[in-house]
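In what follows, a single structure is set out as structure tokens and then discussed.
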Amino acid sequence: HENSIVEYNGMMTQTLTGIGNGIATGTQHQYGILNIAFRGGSGTFVAPNANRVFVRTQLNLLSGELNLNSFQVTVINGGPGAITRNTGYAKSELNDSNNTSKIVWQNMQPGTHIFPFGKDSATYIPVTFTPLTEFGTTVGMSTRCTFATTNEPLPSNVLLRGVPTLPGASFMLPHAVFEVVDRWWCIDASPLMTADITLSYAGNENTLRADVCTN
């Protein structure tokens with residue numbers, strides 16, 4: 001049922017199952033309301049093992065880590081309250097040019113939508129997404145920090161040479177650590193739409209030069 005509640009609240013790493021397992025093969029077997037109330041310590045989490053997790057009504061990140069684990073979790077309800085969080089977070093940190101650890105939010109409706117990303121329990125880095133046109137669009141989103149001083153691996157299908165340079169910067173390859181915040185976001189929408197977006201990053205990822213840093 002679309003308002004049925006399933007809650008994951010263990011203390012050891014758990015697998016977030018989806019449709020396609022056993023007799024759970026149809027739309028009626030998708031989650032209605034999914035609560036992540038995980039109570040495990042550092043290094044433990046709830047994680048999907050395939051792109052088969054669909055939430056029809058609401059995803060509530062009450063506590064603990066939802067580790068996307070290179071897969072996607074899809075929320076079908078497009079209302080702004082379809083994803084909520086208390087102290088929980090979704091971890092998307094796949095260090096790959098094609099970060100497949102995504103939250104996919106279908107049927108986007110007017111209002112402020114929060115993609116509740118985090119690096120760990122102490123570092124919450126949400127993305128605020130407010131659609132302005134083309135309501136009903138599906139939006140997929142991932143984010144990751146970079147570890148190399150050249151801000152690599154670069155996102156796939158992105159031509160950074162076309163990005164305007166900062167004053168006095170040499171933004172061609174290699175990409176200087178002092179000219180770019182050390183985090184990438186991948187946002188795709190189908191069909192294309194316009195939206196207001198606010199991005200967040202960890203404080204230690206802001207390595208911009210002092211003359212261009214706005215804190």
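Going through the structure tokens in order, the chains are called A, B, and so on, while each chain numbers its residues from 1 and the ligands are numbered from 1 in the order shown.
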
>> If you run DSSP on the backbone here, which positions in chain A get helix (DSSP H, G or I)? Please write them as a PyMOL selection string.
In response: chain A and resi 27-29+160-162+203-205

Using all heavy atoms, can you export the residues from the last selection as a PDB file, in the first residue's frame?
ATOM      1  N   THR A  27       4.684  -3.176  -9.091  1.00  0.00           N
ATOM      2  CA  THR A  27       4.561  -1.834  -8.532  1.00  0.00           C
ATOM      3  C   THR A  27       3.986  -1.874  -7.127  1.00  0.00           C
ATOM      4  O   THR A  27       4.379  -1.085  -6.255  1.00  0.00           O
ATOM      5  CB  THR A  27       3.668  -0.974  -9.438  1.00  0.00           C
ATOM      6  OG1 THR A  27       4.244  -0.919 -10.742  1.00  0.00           O
ATOM      7  CG2 THR A  27       3.516   0.434  -8.893  1.00  0.00           C
ATOM      8  N   GLN A  28       3.065  -2.797  -6.890  1.00  0.00           N
ATOM      9  CA  GLN A  28       2.434  -2.878  -5.574  1.00  0.00           C
ATOM     10  C   GLN A  28       3.408  -3.315  -4.484  1.00  0.00           C
ATOM     11  O   GLN A  28       3.103  -3.229  -3.296  1.00  0.00           O
ATOM     12  CB  GLN A  28       1.245  -3.842  -5.617  1.00  0.00           C
ATOM     13  CG  GLN A  28       1.592  -5.321  -5.737  1.00  0.00           C
ATOM     14  CD  GLN A  28       1.795  -5.783  -7.171  1.00  0.00           C
ATOM     15  OE1 GLN A  28       2.055  -4.974  -8.053  1.00  0.00           O
ATOM     16  NE2 GLN A  28       1.646  -7.084  -7.399  1.00  0.00           N
ATOM     17  N   HIS A  29       4.597  -3.778  -4.890  1.00  0.00           N
ATOM     18  CA  HIS A  29       5.603  -4.205  -3.915  1.00  0.00           C
ATOM     19  C   HIS A  29       6.642  -3.121  -3.633  1.00  0.00           C
ATOM     20  O   HIS A  29       7.559  -3.339  -2.845  1.00  0.00           O
ATOM     21  CB  HIS A  29       6.300  -5.471  -4.412  1.00  0.00           C
ATOM     22  CG  HIS A  29       5.373  -6.626  -4.596  1.00  0.00           C
ATOM     23  ND1 HIS A  29       5.281  -7.315  -5.789  1.00  0.00           N
ATOM     24  CD2 HIS A  29       4.477  -7.195  -3.753  1.00  0.00           C
ATOM     25  CE1 HIS A  29       4.384  -8.272  -5.673  1.00  0.00           C
ATOM     26  NE2 HIS A  29       3.877  -8.222  -4.452  1.00  0.00           N
ATOM     27  N   LEU A 160      35.330  21.000 -19.482  1.00  0.00           N
ATOM     28  CA  LEU A 160      35.668  22.094 -18.586  1.00  0.00           C
ATOM     29  C   LEU A 160      36.435  23.209 -19.279  1.00  0.00           C
ATOM     30  O   LEU A 160      36.513  24.316 -18.776  1.00  0.00           O
ATOM     31  CB  LEU A 160      36.480  21.565 -17.407  1.00  0.00           C
ATOM     32  CG  LEU A 160      35.680  20.671 -16.453  1.00  0.00           C
ATOM     33  CD1 LEU A 160      36.582  20.173 -15.351  1.00  0.00           C
ATOM     34  CD2 LEU A 160      34.504  21.428 -15.862  1.00  0.00           C
ATOM     35  N   ARG A 161      37.010  22.938 -20.425  1.00  0.00           N
ATOM     36  CA  ARG A 161      37.745  24.002 -21.114  1.00  0.00           C
ATOM     37  C   ARG A 161      36.834  25.130 -21.538  1.00  0.00           C
ATOM     38  O   ARG A 161      37.287  26.215 -21.849  1.00  0.00           O
ATOM     39  CB  ARG A 161      38.482  23.426 -22.329  1.00  0.00           C
ATOM     40  CG  ARG A 161      39.621  22.488 -21.957  1.00  0.00           C
ATOM     41  CD  ARG A 161      40.317  21.965 -23.206  1.00  0.00           C
ATOM     42  NE  ARG A 161      41.426  21.093 -22.898  1.00  0.00           N
ATOM     43  CZ  ARG A 161      41.314  19.799 -22.668  1.00  0.00           C
ATOM     44  NH1 ARG A 161      40.123  19.240 -22.691  1.00  0.00           N
ATOM     45  NH2 ARG A 161      42.378  19.073 -22.396  1.00  0.00           N
ATOM     46  N   GLY A 162      35.536  24.894 -21.568  1.00  0.00           N
ATOM     47  CA  GLY A 162      34.596  25.936 -21.937  1.00  0.00           C
ATOM     48  C   GLY A 162      34.147  26.786 -20.763  1.00  0.00           C
ATOM     49  O   GLY A 162      33.373  27.712 -20.935  1.00  0.00           O
ATOM     50  N   GLY A 203      33.501  22.444   4.764  1.00  0.00           N
ATOM     51  CA  GLY A 203      34.392  23.584   4.896  1.00  0.00           C
ATOM     52  C   GLY A 203      35.781  23.328   4.355  1.00  0.00           C
ATOM     53  O   GLY A 203      36.384  24.196   3.711  1.00  0.00           O
ATOM     54  N   ASN A 204      36.313  22.110   4.583  1.00  0.00           N
ATOM     55  CA  ASN A 204      37.674  21.828   4.115  1.00  0.00           C
ATOM     56  C   ASN A 204      37.748  21.586   2.621  1.00  0.00           C
ATOM     57  O   ASN A 204      38.829  21.373   2.075  1.00  0.00           O
ATOM     58  CB  ASN A 204      38.274  20.640   4.875  1.00  0.00           C
ATOM     59  CG  ASN A 204      37.497  19.353   4.683  1.00  0.00           C
ATOM     60  OD1 ASN A 204      36.525  19.311   3.930  1.00  0.00           O
ATOM     61  ND2 ASN A 204      37.907  18.307   5.380  1.00  0.00           N
ATOM     62  N   GLU A 205      36.603  21.616   1.928  1.00  0.00           N
ATOM     63  CA  GLU A 205      36.594  21.486   0.475  1.00  0.00           C
ATOM     64  C   GLU A 205      36.695  22.844  -0.222  1.00  0.00           C
ATOM     65  O   GLU A 205      36.851  22.908  -1.433  1.00  0.00           O
ATOM     66  CB  GLU A 205      35.323  20.759   0.022  1.00  0.00           C
ATOM     67  CG  GLU A 205      35.266  19.314   0.485  1.00  0.00           C
ATOM     68  CD  GLU A 205      33.915  18.661   0.291  1.00  0.00           C
ATOM     69  OE1 GLU A 205      32.966  19.335  -0.181  1.00  0.00           O
ATOM     70  OE2 GLU A 205      33.793  17.470   0.627  1.00  0.00           O
TER      71      GLU A 205
END

> Out of range 1-213 of chain A, which residues get strand (DSSP E) from DSSP, as JSON, numbers by chain?
Replying inline: {"A": [5, 6, 7, 8, 14, 15, 16, 31, 32, 33, 34, 35, 36, 37, 46, 47, 48, 53, 54, 55, 56, 57, 58, 59, 60, 61, 62, 63, 65, 66, 67, 72, 73, 74, 75, 83, 84, 85, 89, 90, 91, 102, 103, 104, 105, 113, 114, 115, 118, 119, 120, 123, 124, 127, 128, 129, 130, 131, 138, 139, 140, 141, 142, 143, 144, 145, 183, 184, 185, 186, 187, 188, 189, 190, 195, 196, 197, 198]}

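Straight-line separation from CA of Thr84 in chain A to CA of Ile197 in chain A: 17.6 Å.
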
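Across the model, the gap from CA of Thr74 in chain A to CA of Thr87 in chain A is 20.3 Å.
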
>> List the spatial neighbours of range 133-141 of chain A as a ChimeraX atom specification - criterion: any atom at most 8 Å away, only C-alpha atoms, same-chain residues fewer than 4 positions off excluded.
In response: /A:78,102-110,185-195

For the residues in the current selection, export C-alpha atoms as an mmCIF file, in the first residue's frame.
data_model
loop_
_atom_site.group_PDB
_atom_site.id
_atom_site.type_symbol
_atom_site.label_atom_id
_atom_site.label_comp_id
_atom_site.auth_asym_id
_atom_site.auth_seq_id
_atom_site.Cartn_x
_atom_site.Cartn_y
_atom_site.Cartn_z
ATOM 1 C CA GLY A 78 7.135 14.673 -6.612
ATOM 2 C CA LYS A 102 22.040 8.917 -7.048
ATOM 3 C CA ILE A 103 18.812 10.084 -5.557
ATOM 4 C CA VAL A 104 16.239 10.125 -8.346
ATOM 5 C CA TRP A 105 13.173 12.270 -7.661
ATOM 6 C CA GLN A 106 10.326 11.778 -10.111
ATOM 7 C CA ASN A 107 7.322 13.978 -10.946
ATOM 8 C CA MET A 108 8.854 17.193 -9.553
ATOM 9 C CA GLN A 109 6.189 19.628 -8.342
ATOM 10 C CA PRO A 110 6.430 23.298 -7.243
ATOM 11 C CA TRP A 185 27.658 17.697 -8.440
ATOM 12 C CA CYS A 186 25.881 15.847 -11.240
ATOM 13 C CA ILE A 187 22.294 16.933 -11.851
ATOM 14 C CA ASP A 188 20.265 15.582 -14.746
ATOM 15 C CA ALA A 189 16.665 16.321 -15.601
ATOM 16 C CA SER A 190 14.355 14.651 -18.097
ATOM 17 C CA PRO A 191 12.834 16.605 -19.735
ATOM 18 C CA LEU A 192 15.041 19.674 -19.271
ATOM 19 C CA MET A 193 13.793 22.273 -16.810
ATOM 20 C CA THR A 194 14.859 25.446 -15.016
ATOM 21 C CA ALA A 195 15.292 25.601 -11.244
#

Pull the closest atom pair for each residue of range 21-92 of chain A that gets at most 10 Å from range 120-124 of chain A, along with the distance in Å to one decimal, counting only C-alpha atoms, ordering rows by chain and then ascending residue number, as a Markdown table.
| residue | atom | partner | partner_atom | distance |
| --- | --- | --- | --- | --- |
| A:Gly41 | CA | A:Ser121 | CA | 9.5 |
| A:Ser42 | CA | A:Ser121 | CA | 8.2 |
| A:Gly43 | CA | A:Asp120 | CA | 9.3 |
| A:Ser63 | CA | A:Ser121 | CA | 9.0 |
| A:Gly64 | CA | A:Ser121 | CA | 7.2 |
| A:Glu65 | CA | A:Ser121 | CA | 7.4 |
| A:Asn67 | CA | A:Asp120 | CA | 10.0 |
| A:Thr87 | CA | A:Ser121 | CA | 7.7 |
| A:Gly88 | CA | A:Ser121 | CA | 7.5 |
| A:Tyr89 | CA | A:Tyr124 | CA | 7.1 |
| A:Ala90 | CA | A:Asp120 | CA | 9.0 |
| A:Lys91 | CA | A:Asp120 | CA | 7.5 |

Next, the residues of the selection above should be written as a PDB file, in the first residue's frame with N, CA and C atoms.
ATOM      1  N   GLY A  41      27.024   2.475  14.391  1.00  0.00           N
ATOM      2  CA  GLY A  41      28.103   3.440  14.538  1.00  0.00           C
ATOM      3  C   GLY A  41      28.817   3.717  13.235  1.00  0.00           C
ATOM      4  N   SER A  42      29.942   4.411  13.343  1.00  0.00           N
ATOM      5  CA  SER A  42      30.730   4.784  12.179  1.00  0.00           C
ATOM      6  C   SER A  42      31.137   3.549  11.381  1.00  0.00           C
ATOM      7  N   GLY A  43      30.996   3.642  10.049  1.00  0.00           N
ATOM      8  CA  GLY A  43      31.364   2.531   9.179  1.00  0.00           C
ATOM      9  C   GLY A  43      30.248   1.543   8.933  1.00  0.00           C
ATOM     10  N   SER A  63      17.612   8.765  11.032  1.00  0.00           N
ATOM     11  CA  SER A  63      18.931   8.709  11.659  1.00  0.00           C
ATOM     12  C   SER A  63      19.801   7.743  10.878  1.00  0.00           C
ATOM     13  N   GLY A  64      21.115   7.935  11.000  1.00  0.00           N
ATOM     14  CA  GLY A  64      22.053   7.026  10.359  1.00  0.00           C
ATOM     15  C   GLY A  64      22.279   7.329   8.892  1.00  0.00           C
ATOM     16  N   GLU A  65      23.092   6.471   8.286  1.00  0.00           N
ATOM     17  CA  GLU A  65      23.544   6.673   6.909  1.00  0.00           C
ATOM     18  C   GLU A  65      22.814   5.764   5.931  1.00  0.00           C
ATOM     19  N   ASN A  67      23.652   4.718   2.587  1.00  0.00           N
ATOM     20  CA  ASN A  67      24.780   4.704   1.658  1.00  0.00           C
ATOM     21  C   ASN A  67      24.264   4.250   0.298  1.00  0.00           C
ATOM     22  N   THR A  87      18.196  13.460  11.545  1.00  0.00           N
ATOM     23  CA  THR A  87      19.661  13.501  11.608  1.00  0.00           C
ATOM     24  C   THR A  87      20.295  12.566  10.585  1.00  0.00           C
ATOM     25  N   GLY A  88      19.469  11.886   9.794  1.00  0.00           N
ATOM     26  CA  GLY A  88      19.998  10.969   8.788  1.00  0.00           C
ATOM     27  C   GLY A  88      20.499  11.712   7.562  1.00  0.00           C
ATOM     28  N   TYR A  89      21.125  10.956   6.657  1.00  0.00           N
ATOM     29  CA  TYR A  89      21.662  11.559   5.428  1.00  0.00           C
ATOM     30  C   TYR A  89      21.885  10.465   4.390  1.00  0.00           C
ATOM     31  N   ALA A  90      21.962  10.871   3.138  1.00  0.00           N
ATOM     32  CA  ALA A  90      22.271   9.969   2.027  1.00  0.00           C
ATOM     33  C   ALA A  90      23.701  10.220   1.578  1.00  0.00           C
ATOM     34  N   LYS A  91      24.495   9.176   1.537  1.00  0.00           N
ATOM     35  CA  LYS A  91      25.896   9.307   1.134  1.00  0.00           C
ATOM     36  C   LYS A  91      26.061   8.894  -0.317  1.00  0.00           C
TER      37      LYS A  91
END

>> Need to verify the contact set: Arg85 in chain A, 7 Å, only C-alpha atoms, exclusion of same-chain residues closer than 3 positions in sequence. Can you return it as a PyMOL selection string?
In response: chain A and resi 60-62+88

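One finds CA of Arg56 in chain A at 14.7 Å from CA of Ala24 in chain A.
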